[in-house]
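Below is one structure, written out as structure tokens; the observations come after it.
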Amino acid sequence: MVRVASHRLEKNAKFVNSLNVFPVPDGDTGTNMSLTIKSGFKAVNESTSNHVGTLGKALAKGLLMGARGNSGVITSQLFRGFSKSIEDKENLSAMDLAQAFDNGVKTAYKAVMKPVEGTILTVARVASEYGMKKANETNDTVEVMSAVVAGAKDGLEQTPSLLPVLKEVGVVDSGGQGLTFIYEGFLEGLSGIAGEDVYQPDEVEMDEMVNATHHQSVQGKFDTDDIEHGYCTEMMVELGEGATTDEKFDYEKMRNDLNEIGDSLLVVSDDEVIKVHVHTNYPYKVWEEGHKFGSLVKIKIDNMKIQHENIIEEDDEEPAKETAEKPKEVDFAVITVSSGAGITELFESLGVTHVINGGQTMNPSTNDFVDVLNASKAKKAIILPNNGNIVMAAKQAVDLVDIPVVVVESKTISQGMTAMFSFNPEGDLDENKENMTEALATVKSGQVTQAIRDTEIDGIKITNGHFMGIVDGKIVIDNEDIIEATEKMLDIMIDEESEVITILVGEDGSEEGAEHIEEYITSKYPDLESEIHNGGQPVYQYLVSVE
């Protein structure tokens, strides 16, 4: 179920990204949710258990650590509640399944400070309501899952009427769409009936499944002498080819025949190829089975006892290996998120100890924060997310480490830099959080980027290819000339209290253009100071702060 859901969302991630309300080239909800569910699948795939509750726990942990962006974090909370509901279950009844979705919704709503309808939460809630209603009518889990999918689609259709900005732009909620794809994948995996997006594992995915199955079996043994079937045997069969082919491929028959001569069996196939992994004492019987249905194009056999002894030796030697680049160790860590070499250098010059590469186009996961916090060996830490879509992942990390950590909720690069001017390395966490948070309100953040589609938002008509000026998250300017767009945006940002303007030039911006903008500032606002830095950031040609 989880594999099919992961594949379905990955295949549709670009579509989910396209539902971004703002017509900017940084829609990332689909990417974030796809990476989140992929992390959950990886955890499930690596589990050696067949216990539903244990697998649910693995899924929840994988999603938690891999959560990216607000929709990814909310997804992880949905399945945190889901897994809590089934933790003692070996199998799920129809009512168990419905109640798990219901508990997931309750957990997710509690996790969000101010739940907003018209979002992924609405889709999850309506889906759960449909599931509970169906569970009171039937004991069929497939029917309940079908009802959950129907509810998700209904909830998704409701999102524009609940959130005005979605209706204005003419899209449904992107996070809700991503969750609907996940639920559709669950239904396909549970029922065995593929939807319109037919799922077939490709050769790379077949290899991943085979490797995971082998890893589960070998690592589950504690003593080499415990290995009952001595040979890890793999083969790839091209269907319908070969002199010995005498039968039409029957998936269930092959599985049953091979299951009698070994364990850790995995048979995956598409219309042309079968790939088999099995642990057995009779490799030749595996190959004979393959010959019945086609031509052997690849075979492999490993002595598992020797292989396991080598693994044990490698594990013993592993502590001696050093990573190429270890994060520096400090007593007081200040961790921020940025993309662009120039911006990273600026943050480090202001006292940031660790920079996680990321931002609007690639949100770091909860695990990324946890890894840096643990590697820093710090006794306390501050996190500056610098993006509203990263705040929730950062907050989740706080509860997963053993040291005190606070999150200063900076939502832009400009806010993050302004906050650092209020950082006191000798102060305690509460004092720094208070001072740095207060500093966020003293800066206005401007972004200039190019529109990727025609639309209208807040009365501003946006033309595909024009440049937009965005101030503190709101589009205020549309202009075909990038310099004019930036200058008009500055006119909106500057007021009587303004003193300093900073321009960060992105990888698609130009120093020459920034100098033209600075000349405009000097001419129109002679009392203001201005400075230009090469930020190197993607997506935004210019980032502008007014303090």
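Letters A, B, ... mark the chains of the structure tokens in the order given; residue numbers begin at 1 per chain; ligand numbers begin at 1, in order shown.
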- Give me the residues within 6 Å of region 333-339 of chain A as a PyMOL selection string, counting only C-alpha atoms and dropping any in the same chain fewer than 2 places off. chain A and resi 352-359+378+381-385+537
Could those selected residues go to a file with N, CA and C atoms, as an mmCIF file, in the first residue's frame?
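In the end it all went to again-v1.cif:
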data_model
loop_
_atom_site.group_PDB
_atom_site.id
_atom_site.type_symbol
_atom_site.label_atom_id
_atom_site.label_comp_id
_atom_site.auth_asym_id
_atom_site.auth_seq_id
_atom_site.Cartn_x
_atom_site.Cartn_y
_atom_site.Cartn_z
ATOM 1 N N VAL A 352 26.098 32.655 12.690
ATOM 2 C CA VAL A 352 25.469 31.352 12.509
ATOM 3 C C VAL A 352 26.542 30.272 12.488
ATOM 4 N N THR A 353 26.314 29.183 13.210
ATOM 5 C CA THR A 353 27.324 28.117 13.280
ATOM 6 C C THR A 353 27.106 27.018 12.253
ATOM 7 N N HIS A 354 25.842 26.781 11.865
ATOM 8 C CA HIS A 354 25.549 25.707 10.918
ATOM 9 C C HIS A 354 24.480 26.164 9.931
ATOM 10 N N VAL A 355 24.733 25.949 8.653
ATOM 11 C CA VAL A 355 23.779 26.322 7.604
ATOM 12 C C VAL A 355 23.321 25.059 6.886
ATOM 13 N N ILE A 356 22.009 24.838 6.871
ATOM 14 C CA ILE A 356 21.430 23.737 6.107
ATOM 15 C C ILE A 356 21.043 24.266 4.740
ATOM 16 N N ASN A 357 21.549 23.631 3.715
ATOM 17 C CA ASN A 357 21.246 24.088 2.363
ATOM 18 C C ASN A 357 19.798 23.759 2.024
ATOM 19 N N GLY A 358 19.031 24.777 1.713
ATOM 20 C CA GLY A 358 17.626 24.570 1.390
ATOM 21 C C GLY A 358 16.914 25.896 1.320
ATOM 22 N N GLY A 359 15.617 25.837 1.175
ATOM 23 C CA GLY A 359 14.830 27.057 1.069
ATOM 24 C C GLY A 359 13.514 26.759 0.403
ATOM 25 N N ALA A 378 26.099 20.329 20.547
ATOM 26 C CA ALA A 378 25.788 21.553 21.293
ATOM 27 C C ALA A 378 25.030 21.237 22.578
ATOM 28 N N ALA A 381 20.576 25.225 21.455
ATOM 29 C CA ALA A 381 20.583 25.634 20.043
ATOM 30 C C ALA A 381 19.387 26.508 19.706
ATOM 31 N N ILE A 382 19.591 27.324 18.664
ATOM 32 C CA ILE A 382 18.540 28.156 18.077
ATOM 33 C C ILE A 382 18.423 27.786 16.608
ATOM 34 N N ILE A 383 17.174 27.678 16.112
ATOM 35 C CA ILE A 383 16.950 27.409 14.692
ATOM 36 C C ILE A 383 16.230 28.596 14.061
ATOM 37 N N LEU A 384 16.752 29.046 12.918
ATOM 38 C CA LEU A 384 16.118 30.092 12.105
ATOM 39 C C LEU A 384 15.699 29.455 10.782
ATOM 40 N N PRO A 385 14.408 29.147 10.591
ATOM 41 C CA PRO A 385 13.971 28.455 9.365
ATOM 42 C C PRO A 385 14.037 29.327 8.110
ATOM 43 N N GLN A 537 21.188 33.205 -4.620
ATOM 44 C CA GLN A 537 19.985 32.396 -4.392
ATOM 45 C C GLN A 537 19.273 32.051 -5.698
#
Using only C-alpha atoms, which residues of region 374-430 of chain A come within 12 Å of region 112-134 of chain A, and what is the closest atom pair for each, with the distance in Å to one decimal? Give it as CSV, sorted by chain and residue number.
residue,atom,partner,partner_atom,distance
A:Val391,CA,A:Val112,CA,11.5
A:Met392,CA,A:Val112,CA,8.8
A:Ala393,CA,A:Val112,CA,11.9
A:Lys395,CA,A:Val112,CA,11.2
A:Gln396,CA,A:Val112,CA,11.5
- Among listed residues A:Ser545, A:Thr502, A:Ser76, A:Ser523, nearest Ser445 (chain A) (using only C-alpha atoms): A:Ser545
- Query: Neighbours of region 231-237 of chain A within 9 Å (only C-alpha atoms; same-chain residues fewer than 2 positions away dropped), as a PyMOL selection string?
  - Reply: chain A and resi 210+214+229+239-241+272-283+286-287+290-291+293-305
